[in-house]
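Student: The following block contains the structure, expressed as C-alpha coordinates.
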Amino acid sequence: MEISGARIWVTGASSGIGAALARELADRGARVAVSARSADALAEVAGGRMVVVPVDVTDRDATVAAGRTVREALGGLDVAVLNAGTWSRFHVEPWDSQLFADHLQVNVMGAVHTLEAVVPQMLAAGRGRIVGTASVAGYRGLPGSEAYGAGKAALLNLLEALRGSLGPRGIVVQTVSPGFVRTPMTDRNRFPMPFLVEPEAAARTIADGIARDRAEIVFPLPMAVAMKAARLVPVRAWTALTAAMARRGLHGGPSRRERT
(Lines give C-alpha, C1' and ligand atoms only; values in the text may rest on other atoms or scores of the structure.)
Protein backbone atom coordinates (compact mmCIF):
# COMPACT_ATOMS: atom_id res chain seq x y z
CA MET A 1 0.00 0.00 0.00
CA GLU A 2 1.01 3.63 -0.36
CA ILE A 3 1.64 5.13 3.07
CA SER A 4 1.86 8.71 1.84
CA GLY A 5 -1.61 10.20 2.12
CA ALA A 6 -3.04 7.22 4.01
CA ARG A 7 -5.28 7.96 7.00
CA ILE A 8 -3.90 5.96 9.93
CA TRP A 9 -4.98 5.59 13.56
CA VAL A 10 -2.33 4.35 16.04
CA THR A 11 -3.36 3.32 19.54
CA GLY A 12 -0.86 2.91 22.38
CA ALA A 13 1.01 5.84 20.84
CA SER A 14 2.15 7.71 23.95
CA SER A 15 5.58 6.03 24.09
CA GLY A 16 7.72 3.19 22.80
CA ILE A 17 6.86 1.45 19.55
CA GLY A 18 3.56 3.29 19.10
CA ALA A 19 5.10 6.74 19.42
CA ALA A 20 8.00 5.87 17.12
CA LEU A 21 5.67 4.31 14.54
CA ALA A 22 3.33 7.31 14.55
CA ARG A 23 6.29 9.61 13.85
CA GLU A 24 7.64 7.29 11.15
CA LEU A 25 4.28 7.13 9.38
CA ALA A 26 3.87 10.91 9.56
CA ASP A 27 7.40 11.33 8.18
CA ARG A 28 6.34 9.15 5.23
CA GLY A 29 3.41 11.43 4.49
CA ALA A 30 0.56 9.66 6.27
CA ARG A 31 -2.21 11.55 8.02
CA VAL A 32 -1.99 10.16 11.54
CA ALA A 33 -4.25 10.12 14.57
CA VAL A 34 -2.77 8.95 17.88
CA SER A 35 -4.49 7.58 20.96
CA ALA A 36 -3.51 6.53 24.48
CA ARG A 37 -4.61 7.58 27.95
CA SER A 38 -2.28 10.55 28.41
CA ALA A 39 -3.25 13.65 26.42
CA ASP A 40 0.00 15.41 27.38
CA ALA A 41 2.20 12.54 26.21
CA LEU A 42 0.24 12.27 22.97
CA ALA A 43 0.60 16.01 22.32
CA GLU A 44 4.36 15.67 22.68
CA VAL A 45 4.43 12.76 20.23
CA ALA A 46 2.16 14.55 17.78
CA GLY A 47 4.24 17.71 17.69
CA GLY A 48 1.34 19.58 16.13
CA ARG A 49 1.19 17.36 13.05
CA MET A 50 -1.13 14.57 14.20
CA VAL A 51 -4.70 14.35 15.46
CA VAL A 52 -4.70 13.65 19.21
CA VAL A 53 -7.59 11.53 20.52
CA PRO A 54 -7.01 10.42 24.13
CA VAL A 55 -8.82 7.21 25.08
CA ASP A 56 -8.53 4.25 27.42
CA VAL A 57 -9.04 1.24 25.16
CA THR A 58 -10.35 -0.84 28.06
CA ASP A 59 -13.46 1.36 27.91
CA ARG A 60 -15.55 -0.08 25.07
CA ASP A 61 -17.91 2.85 24.59
CA ALA A 62 -15.12 5.43 24.77
CA THR A 63 -13.06 3.48 22.22
CA VAL A 64 -15.93 3.21 19.76
CA ALA A 65 -16.54 6.95 20.19
CA ALA A 66 -12.83 7.63 19.64
CA GLY A 67 -13.06 5.76 16.35
CA ARG A 68 -15.82 8.10 15.22
CA THR A 69 -13.74 11.12 16.26
CA VAL A 70 -10.73 9.83 14.32
CA ARG A 71 -12.76 9.25 11.16
CA GLU A 72 -14.30 12.71 11.38
CA ALA A 73 -10.93 14.36 11.95
CA LEU A 74 -9.14 12.47 9.16
CA GLY A 75 -12.04 12.37 6.74
CA GLY A 76 -12.13 8.59 6.89
CA LEU A 77 -9.78 5.81 7.93
CA ASP A 78 -7.55 3.52 5.88
CA VAL A 79 -5.43 1.79 8.54
CA ALA A 80 -5.94 1.00 12.23
CA VAL A 81 -2.82 0.04 14.20
CA LEU A 82 -3.81 -1.84 17.37
CA ASN A 83 -0.80 -1.22 19.57
CA ALA A 84 -2.05 -0.49 23.10
CA GLY A 85 -0.51 -2.88 25.60
CA THR A 86 0.71 -3.57 29.10
CA TRP A 87 3.39 -5.81 30.56
CA SER A 88 4.19 -6.93 34.08
CA ARG A 89 6.06 -9.90 35.46
CA PHE A 90 3.91 -12.72 36.84
CA HIS A 91 4.80 -14.63 40.00
CA VAL A 92 3.19 -17.98 40.73
CA GLU A 93 3.38 -17.16 44.44
CA PRO A 94 1.37 -15.30 45.52
CA TRP A 95 -1.06 -15.93 42.66
CA ASP A 96 -2.52 -12.70 41.25
CA SER A 97 -5.66 -13.25 39.18
CA GLN A 98 -6.20 -9.50 38.91
CA LEU A 99 -2.89 -9.12 37.10
CA PHE A 100 -4.12 -11.66 34.54
CA ALA A 101 -7.39 -9.79 34.17
CA ASP A 102 -5.58 -6.48 33.69
CA HIS A 103 -3.36 -7.92 30.96
CA LEU A 104 -6.24 -9.49 29.11
CA GLN A 105 -8.37 -6.37 29.45
CA VAL A 106 -5.69 -4.14 27.89
CA ASN A 107 -3.86 -6.46 25.51
CA VAL A 108 -6.82 -8.48 24.23
CA MET A 109 -10.05 -6.62 24.96
CA GLY A 110 -8.40 -3.29 24.14
CA ALA A 111 -7.72 -4.66 20.66
CA VAL A 112 -11.25 -6.09 20.43
CA HIS A 113 -12.77 -2.72 21.37
CA THR A 114 -10.64 -0.97 18.76
CA LEU A 115 -11.70 -3.54 16.17
CA GLU A 116 -15.33 -2.80 17.00
CA ALA A 117 -14.55 0.88 16.44
CA VAL A 118 -13.25 0.34 12.91
CA VAL A 119 -14.28 -3.00 11.37
CA PRO A 120 -17.98 -2.24 10.69
CA GLN A 121 -17.10 0.86 8.66
CA MET A 122 -14.34 -0.99 6.80
CA LEU A 123 -16.76 -3.79 5.95
CA ALA A 124 -19.28 -1.28 4.68
CA ALA A 125 -16.62 0.33 2.51
CA GLY A 126 -15.20 -3.00 1.34
CA ARG A 127 -11.65 -1.89 2.14
CA GLY A 128 -9.31 -1.16 5.01
CA ARG A 129 -6.31 -2.48 6.91
CA ILE A 130 -5.86 -3.79 10.45
CA VAL A 131 -2.35 -3.95 11.90
CA GLY A 132 -2.23 -5.72 15.27
CA THR A 133 0.77 -5.73 17.59
CA ALA A 134 1.26 -9.16 19.18
CA SER A 135 4.69 -10.47 20.27
CA VAL A 136 7.07 -13.36 19.79
CA ALA A 137 6.30 -13.99 23.49
CA GLY A 138 3.02 -15.48 22.28
CA TYR A 139 4.78 -18.30 20.41
CA ARG A 140 5.72 -20.41 23.49
CA GLY A 141 5.17 -20.17 27.23
CA LEU A 142 7.95 -18.50 29.20
CA PRO A 143 8.34 -18.26 33.00
CA GLY A 144 7.39 -14.83 34.33
CA SER A 145 5.39 -14.09 31.19
CA GLU A 146 2.30 -16.15 31.97
CA ALA A 147 -0.13 -13.22 31.88
CA TYR A 148 1.53 -11.27 29.07
CA GLY A 149 2.27 -14.29 26.90
CA ALA A 150 -1.25 -15.69 27.22
CA GLY A 151 -2.72 -12.42 25.95
CA LYS A 152 -0.26 -12.17 23.08
CA ALA A 153 -0.95 -15.78 22.08
CA ALA A 154 -4.65 -14.88 22.00
CA LEU A 155 -3.87 -11.92 19.74
CA LEU A 156 -1.85 -14.10 17.36
CA ASN A 157 -4.81 -16.45 17.06
CA LEU A 158 -7.36 -13.63 16.75
CA LEU A 159 -5.46 -11.82 14.00
CA GLU A 160 -4.86 -15.05 12.08
CA ALA A 161 -8.56 -15.87 12.23
CA LEU A 162 -9.51 -12.35 11.12
CA ARG A 163 -7.11 -12.58 8.20
CA GLY A 164 -9.26 -15.38 6.84
CA SER A 165 -12.64 -13.87 7.64
CA LEU A 166 -11.93 -10.27 6.64
CA GLY A 167 -9.58 -10.83 3.71
CA PRO A 168 -12.33 -11.88 1.29
CA ARG A 169 -14.25 -8.76 2.32
CA GLY A 170 -11.43 -6.44 1.23
CA ILE A 171 -9.78 -5.86 4.60
CA VAL A 172 -6.08 -6.66 4.99
CA VAL A 173 -4.98 -7.98 8.40
CA GLN A 174 -1.31 -7.84 9.37
CA THR A 175 0.32 -9.21 12.52
CA VAL A 176 3.32 -7.47 14.11
CA SER A 177 5.38 -9.68 16.43
CA PRO A 178 8.37 -7.80 17.84
CA GLY A 179 11.16 -9.27 19.88
CA PHE A 180 12.77 -7.05 22.49
CA VAL A 181 12.46 -3.33 21.74
CA ARG A 182 13.89 -0.63 24.00
CA THR A 183 10.82 1.03 25.53
CA PRO A 184 9.74 2.27 28.99
CA MET A 185 8.32 -1.22 29.55
CA THR A 186 11.53 -3.11 28.74
CA ASP A 187 13.81 -0.58 30.46
CA ARG A 188 12.87 -2.14 33.79
CA ASN A 189 13.60 -5.71 32.78
CA ARG A 190 16.24 -7.45 34.89
CA PHE A 191 16.97 -10.35 32.57
CA PRO A 192 18.97 -10.66 29.33
CA MET A 193 17.19 -9.25 26.27
CA PRO A 194 18.91 -10.69 23.20
CA PHE A 195 18.83 -8.78 19.90
CA LEU A 196 17.39 -5.65 21.56
CA VAL A 197 16.44 -3.00 18.96
CA GLU A 198 15.66 0.69 19.24
CA PRO A 199 12.05 1.85 18.77
CA GLU A 200 12.95 3.91 15.70
CA ALA A 201 14.38 0.82 13.99
CA ALA A 202 11.28 -1.14 14.99
CA ALA A 203 9.07 1.60 13.54
CA ARG A 204 10.90 1.53 10.21
CA THR A 205 10.54 -2.25 10.02
CA ILE A 206 6.82 -2.09 10.79
CA ALA A 207 6.19 0.73 8.32
CA ASP A 208 8.10 -1.19 5.62
CA GLY A 209 6.06 -4.31 6.39
CA ILE A 210 2.79 -2.39 6.15
CA ALA A 211 3.82 -0.91 2.82
CA ARG A 212 4.84 -4.32 1.47
CA ASP A 213 1.61 -6.05 2.56
CA ARG A 214 3.39 -8.58 4.74
CA ALA A 215 0.94 -10.81 6.60
CA GLU A 216 3.48 -11.19 9.42
CA ILE A 217 6.00 -8.56 10.46
CA VAL A 218 8.37 -10.36 12.83
CA PHE A 219 11.65 -8.81 13.96
CA PRO A 220 14.53 -8.69 14.57
CA LEU A 221 15.43 -11.56 12.26
CA PRO A 222 17.55 -13.60 14.73
CA MET A 223 14.77 -13.45 17.33
CA ALA A 224 12.17 -14.30 14.69
CA VAL A 225 14.12 -17.38 13.63
CA ALA A 226 14.77 -18.45 17.23
CA MET A 227 11.16 -18.12 18.39
CA LYS A 228 9.67 -19.74 15.29
CA ALA A 229 12.10 -22.61 15.75
CA ALA A 230 11.09 -22.80 19.42
CA ARG A 231 7.59 -23.84 18.34
CA LEU A 232 9.16 -27.04 16.94
CA VAL A 233 10.83 -28.01 20.22
CA PRO A 234 9.05 -31.00 21.86
CA VAL A 235 7.02 -30.20 24.97
CA ARG A 236 9.24 -32.15 27.39
CA ALA A 237 12.37 -30.47 26.09
CA TRP A 238 10.77 -27.02 26.25
CA THR A 239 9.60 -27.66 29.82
CA ALA A 240 13.09 -28.70 30.87
CA LEU A 241 14.56 -25.59 29.25
CA THR A 242 12.09 -23.13 30.78
CA ALA A 243 12.35 -24.79 34.21
CA ALA A 244 16.10 -24.31 34.04
CA MET A 245 15.56 -20.66 33.09
CA ALA A 246 13.28 -20.18 36.08
CA ARG A 247 15.80 -21.77 38.47
CA ARG A 248 18.51 -19.42 37.19
CA GLY A 249 16.26 -16.38 37.50
CA LEU A 250 16.19 -15.74 33.74
CA HIS A 251 12.70 -14.35 33.81
CA GLY A 252 11.00 -11.30 35.18
CA GLY A 253 9.92 -7.87 34.13
CA PRO A 254 9.34 -4.32 35.31
CA SER A 255 9.24 -3.58 39.01
CA ARG A 256 5.78 -2.14 38.40
CA ARG A 257 3.17 -2.43 35.70
CA GLU A 258 3.81 -0.43 32.56
CA ARG A 259 1.30 0.43 29.90
CA THR A 260 1.14 2.38 26.69
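Ordering of the C-alpha coordinates sets the chain letters (A, B, ...), residue numbers begin anew at 1 in every chain, and ligands are numbered from 1 in the order given.
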Per DSSP on the backbone, filter segment 34-227 of chain A down to the residues in strand (DSSP E) and report them as a PyMOL selection string.

Tutor: chain A and resi 34-35+51-52+79-82+86-87+128-133+171-178+216-219

Student: Deliver the residues from the most recent selection as a file, using N, CA, C and O atoms, as a CSV table (one decimal), in the first residue's frame.

Tutor:
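And here is the file that came out, again39.csv:
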chain,number,residue,atom,x,y,z
A,34,VAL,N,-3.4,9.7,16.8
A,34,VAL,CA,-2.8,9.0,17.9
A,34,VAL,C,-3.7,8.9,19.1
A,34,VAL,O,-4.3,9.9,19.4
A,35,SER,N,-3.7,7.8,19.8
A,35,SER,CA,-4.5,7.6,21.0
A,35,SER,C,-3.7,6.9,22.0
A,35,SER,O,-2.8,6.0,21.8
A,51,VAL,N,-3.5,14.2,14.7
A,51,VAL,CA,-4.7,14.4,15.5
A,51,VAL,C,-4.6,13.6,16.8
A,51,VAL,O,-4.2,12.4,16.8
A,52,VAL,N,-4.8,14.3,17.9
A,52,VAL,CA,-4.7,13.7,19.2
A,52,VAL,C,-6.1,13.3,19.7
A,52,VAL,O,-7.0,14.2,19.9
A,79,VAL,N,-6.2,2.8,7.8
A,79,VAL,CA,-5.4,1.8,8.5
A,79,VAL,C,-5.6,2.0,10.0
A,79,VAL,O,-5.6,3.2,10.5
A,80,ALA,N,-5.9,0.9,10.8
A,80,ALA,CA,-5.9,1.0,12.2
A,80,ALA,C,-4.8,0.1,12.8
A,80,ALA,O,-4.7,-1.1,12.5
A,81,VAL,N,-3.9,0.8,13.6
A,81,VAL,CA,-2.8,0.0,14.2
A,81,VAL,C,-3.2,-0.2,15.7
A,81,VAL,O,-3.3,0.7,16.5
A,82,LEU,N,-3.4,-1.5,16.0
A,82,LEU,CA,-3.8,-1.8,17.4
A,82,LEU,C,-2.6,-2.1,18.2
A,82,LEU,O,-2.0,-3.2,18.1
A,86,THR,N,0.1,-3.7,27.8
A,86,THR,CA,0.7,-3.6,29.1
A,86,THR,C,1.6,-4.8,29.3
A,86,THR,O,1.4,-5.8,28.7
A,87,TRP,N,2.5,-4.7,30.2
A,87,TRP,CA,3.4,-5.8,30.6
A,87,TRP,C,3.8,-5.7,32.0
A,87,TRP,O,4.2,-4.7,32.5
A,128,GLY,N,-9.9,-1.6,3.7
A,128,GLY,CA,-9.3,-1.2,5.0
A,128,GLY,C,-8.1,-2.1,5.4
A,128,GLY,O,-7.9,-3.1,4.7
A,129,ARG,N,-7.5,-1.7,6.5
A,129,ARG,CA,-6.3,-2.5,6.9
A,129,ARG,C,-6.2,-2.5,8.4
A,129,ARG,O,-6.3,-1.4,9.1
A,130,ILE,N,-6.1,-3.6,9.0
A,130,ILE,CA,-5.9,-3.8,10.5
A,130,ILE,C,-4.4,-4.3,10.7
A,130,ILE,O,-4.0,-5.3,10.1
A,131,VAL,N,-3.7,-3.6,11.5
A,131,VAL,CA,-2.3,-4.0,11.9
A,131,VAL,C,-2.3,-4.2,13.4
A,131,VAL,O,-2.5,-3.2,14.2
A,132,GLY,N,-2.2,-5.4,13.8
A,132,GLY,CA,-2.2,-5.7,15.3
A,132,GLY,C,-0.9,-6.1,15.8
A,132,GLY,O,-0.1,-6.9,15.2
A,133,THR,N,-0.5,-5.5,17.0
A,133,THR,CA,0.8,-5.7,17.6
A,133,THR,C,0.6,-6.9,18.6
A,133,THR,O,0.0,-6.7,19.7
A,171,ILE,N,-10.5,-6.4,3.5
A,171,ILE,CA,-9.8,-5.9,4.6
A,171,ILE,C,-8.5,-6.7,4.8
A,171,ILE,O,-8.6,-7.9,5.1
A,172,VAL,N,-7.4,-6.0,4.8
A,172,VAL,CA,-6.1,-6.7,5.0
A,172,VAL,C,-5.8,-6.7,6.5
A,172,VAL,O,-6.0,-5.7,7.2
A,173,VAL,N,-5.3,-7.8,7.0
A,173,VAL,CA,-5.0,-8.0,8.4
A,173,VAL,C,-3.5,-8.4,8.5
A,173,VAL,O,-3.1,-9.4,7.9
A,174,GLN,N,-2.7,-7.6,9.2
A,174,GLN,CA,-1.3,-7.8,9.4
A,174,GLN,C,-1.0,-8.0,10.8
A,174,GLN,O,-1.5,-7.3,11.7
A,175,THR,N,-0.1,-8.9,11.1
A,175,THR,CA,0.3,-9.2,12.5
A,175,THR,C,1.8,-8.8,12.7
A,175,THR,O,2.7,-9.2,12.0
A,176,VAL,N,2.0,-7.9,13.7
A,176,VAL,CA,3.3,-7.5,14.1
A,176,VAL,C,3.7,-8.2,15.4
A,176,VAL,O,3.0,-8.2,16.4
A,177,SER,N,4.9,-8.9,15.3
A,177,SER,CA,5.4,-9.7,16.4
A,177,SER,C,6.8,-9.3,16.7
A,177,SER,O,7.8,-9.9,16.2
A,178,PRO,N,7.0,-8.2,17.5
A,178,PRO,CA,8.4,-7.8,17.8
A,178,PRO,C,9.0,-8.7,18.8
A,178,PRO,O,8.4,-9.4,19.6
A,216,GLU,N,2.8,-11.2,8.1
A,216,GLU,CA,3.5,-11.2,9.4
A,216,GLU,C,4.7,-10.3,9.4
A,216,GLU,O,5.5,-10.4,8.4
A,217,ILE,N,4.8,-9.4,10.3
A,217,ILE,CA,6.0,-8.6,10.5
A,217,ILE,C,6.7,-9.0,11.8
A,217,ILE,O,6.3,-8.5,12.9
A,218,VAL,N,7.7,-9.8,11.7
A,218,VAL,CA,8.4,-10.4,12.8
A,218,VAL,C,9.8,-9.9,12.8
A,218,VAL,O,10.5,-10.0,11.8
A,219,PHE,N,10.3,-9.4,13.9
A,219,PHE,CA,11.7,-8.8,14.0
A,219,PHE,C,12.1,-8.8,15.4
A,219,PHE,O,11.3,-8.9,16.3

Student: Name the residues of segment 50-207 of chain A that fall into helix (DSSP H, G or I) according to DSSP on the backbone, using the chain letters and numbers of this document, as a PyMOL selection string.

Tutor: chain A and resi 60-74+97-125+136-138+146-169+186-188+199-207

Student: Can you tell me how far atom CA of Ala65 of chain A sits from atom CA of Ala154 of chain A, in Å to one decimal?

Tutor: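 Rounded to one decimal, the two atoms are 24.9 Å apart.
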
Student: Counting only C-alpha atoms, what is within 12 Å of Gly76 of chain A, bar same-chain residues fewer than 2 positions away, as a ChimeraX atom specification?

Tutor: /A:5-9,31-33,67-74,78-80,118,121-122,125,127-128

Student: Suppose you want the space between atom CA of Ala240 of chain A and atom CA of Leu142 of chain A; what is it in Å?

Tutor: 11.5 Å

Student: With distances taken over only C-alpha atoms, which of A:Thr11, A:Ser4, A:Thr114, A:Gln105 is nearest to Ala84 of chain A?

Tutor: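 Among the listed residues, the smallest separation from Ala84 of chain A belongs to A:Thr11.
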
Student: Would you work out the distance separating atom CA of Gly167 of chain A from atom CA of Val119 of chain A, expressed in Å to one decimal?

Tutor: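 Result for atom CA of Gly167 of chain A versus atom CA of Val119 of chain A: 11.9 Å, one decimal.
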
Student: With a distance cut-off of 9 Å and only C-alpha atoms, select the neighbouring residues of Gly141 of chain A, excluding the residue or stretch itself and same-chain residues fewer than 4 positions from it, and output the selection as a count of residues only.

Tutor: 7

Student: For Arg89 of chain A, which residue out of A:Ala243, A:Val108, A:Ala147, A:Leu221 is the nearest one, using only C-alpha atoms?

Tutor: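 Ranking A:Ala243, A:Val108, A:Ala147, A:Leu221 by distance to Arg89 of chain A, first place goes to A:Ala147.
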
Student: Residues within 10 Å of Phe90 of chain A, please, as a PDB file with N, CA and C atoms, in the first residue's frame. Count only C-alpha atoms; anything in the same chain fewer than 3 positions from it doesn't count.

Tutor:
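Generated file (result.pdb):
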ATOM      1  N   TRP A  87       2.502  -4.686  30.247  1.00  0.00           N
ATOM      2  CA  TRP A  87       3.394  -5.812  30.556  1.00  0.00           C
ATOM      3  C   TRP A  87       3.805  -5.734  32.014  1.00  0.00           C
ATOM      4  N   GLU A  93       3.655 -17.278  43.012  1.00  0.00           N
ATOM      5  CA  GLU A  93       3.376 -17.163  44.439  1.00  0.00           C
ATOM      6  C   GLU A  93       3.731 -15.757  44.927  1.00  0.00           C
ATOM      7  N   PRO A  94       2.794 -14.962  45.434  1.00  0.00           N
ATOM      8  CA  PRO A  94       1.366 -15.304  45.519  1.00  0.00           C
ATOM      9  C   PRO A  94       0.689 -15.167  44.162  1.00  0.00           C
ATOM     10  N   TRP A  95      -0.321 -15.965  43.920  1.00  0.00           N
ATOM     11  CA  TRP A  95      -1.055 -15.927  42.659  1.00  0.00           C
ATOM     12  C   TRP A  95      -1.862 -14.636  42.576  1.00  0.00           C
ATOM     13  N   ASP A  96      -1.836 -13.990  41.406  1.00  0.00           N
ATOM     14  CA  ASP A  96      -2.521 -12.704  41.246  1.00  0.00           C
ATOM     15  C   ASP A  96      -3.453 -12.769  40.037  1.00  0.00           C
ATOM     16  N   SER A  97      -4.700 -13.155  40.279  1.00  0.00           N
ATOM     17  CA  SER A  97      -5.662 -13.249  39.179  1.00  0.00           C
ATOM     18  C   SER A  97      -5.978 -11.887  38.585  1.00  0.00           C
ATOM     19  N   LEU A  99      -3.917  -9.458  38.081  1.00  0.00           N
ATOM     20  CA  LEU A  99      -2.890  -9.118  37.100  1.00  0.00           C
ATOM     21  C   LEU A  99      -3.221  -9.749  35.749  1.00  0.00           C
ATOM     22  N   PHE A 100      -3.682 -11.016  35.781  1.00  0.00           N
ATOM     23  CA  PHE A 100      -4.117 -11.660  34.542  1.00  0.00           C
ATOM     24  C   PHE A 100      -5.246 -10.868  33.897  1.00  0.00           C
ATOM     25  N   PRO A 143       8.528 -18.597  31.594  1.00  0.00           N
ATOM     26  CA  PRO A 143       8.339 -18.261  33.005  1.00  0.00           C
ATOM     27  C   PRO A 143       8.368 -16.747  33.219  1.00  0.00           C
ATOM     28  N   GLY A 144       7.467 -16.262  34.057  1.00  0.00           N
ATOM     29  CA  GLY A 144       7.386 -14.832  34.328  1.00  0.00           C
ATOM     30  C   GLY A 144       6.523 -14.083  33.344  1.00  0.00           C
ATOM     31  N   SER A 145       6.174 -14.734  32.235  1.00  0.00           N
ATOM     32  CA  SER A 145       5.391 -14.088  31.185  1.00  0.00           C
ATOM     33  C   SER A 145       4.027 -14.756  31.011  1.00  0.00           C
ATOM     34  N   GLU A 146       3.557 -15.410  32.072  1.00  0.00           N
ATOM     35  CA  GLU A 146       2.304 -16.154  31.966  1.00  0.00           C
ATOM     36  C   GLU A 146       1.138 -15.257  31.544  1.00  0.00           C
ATOM     37  N   ALA A 147       1.003 -14.114  32.176  1.00  0.00           N
ATOM     38  CA  ALA A 147      -0.125 -13.223  31.876  1.00  0.00           C
ATOM     39  C   ALA A 147       0.070 -12.527  30.532  1.00  0.00           C
ATOM     40  N   TYR A 148       1.248 -11.989  30.317  1.00  0.00           N
ATOM     41  CA  TYR A 148       1.528 -11.274  29.071  1.00  0.00           C
ATOM     42  C   TYR A 148       1.502 -12.221  27.877  1.00  0.00           C
ATOM     43  N   HIS A 251      14.048 -14.766  34.135  1.00  0.00           N
ATOM     44  CA  HIS A 251      12.698 -14.353  33.810  1.00  0.00           C
ATOM     45  C   HIS A 251      12.409 -13.134  34.651  1.00  0.00           C
ATOM     46  N   GLY A 252      11.324 -12.467  34.383  1.00  0.00           N
ATOM     47  CA  GLY A 252      11.002 -11.296  35.183  1.00  0.00           C
ATOM     48  C   GLY A 252      10.416 -10.206  34.343  1.00  0.00           C
ATOM     49  N   GLY A 253      10.521  -8.986  34.828  1.00  0.00           N
ATOM     50  CA  GLY A 253       9.920  -7.866  34.132  1.00  0.00           C
ATOM     51  C   GLY A 253      10.055  -6.601  34.922  1.00  0.00           C
TER      52      GLY A 253
END

Student: In terms of the shortest atom-to-atom distance over only C-alpha atoms, which of A:Leu162, A:Met1, A:Ala13, A:Ala20 is closest to Thr205 of chain A?

Tutor: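 Among the listed residues, the smallest separation from Thr205 of chain A belongs to A:Ala20.
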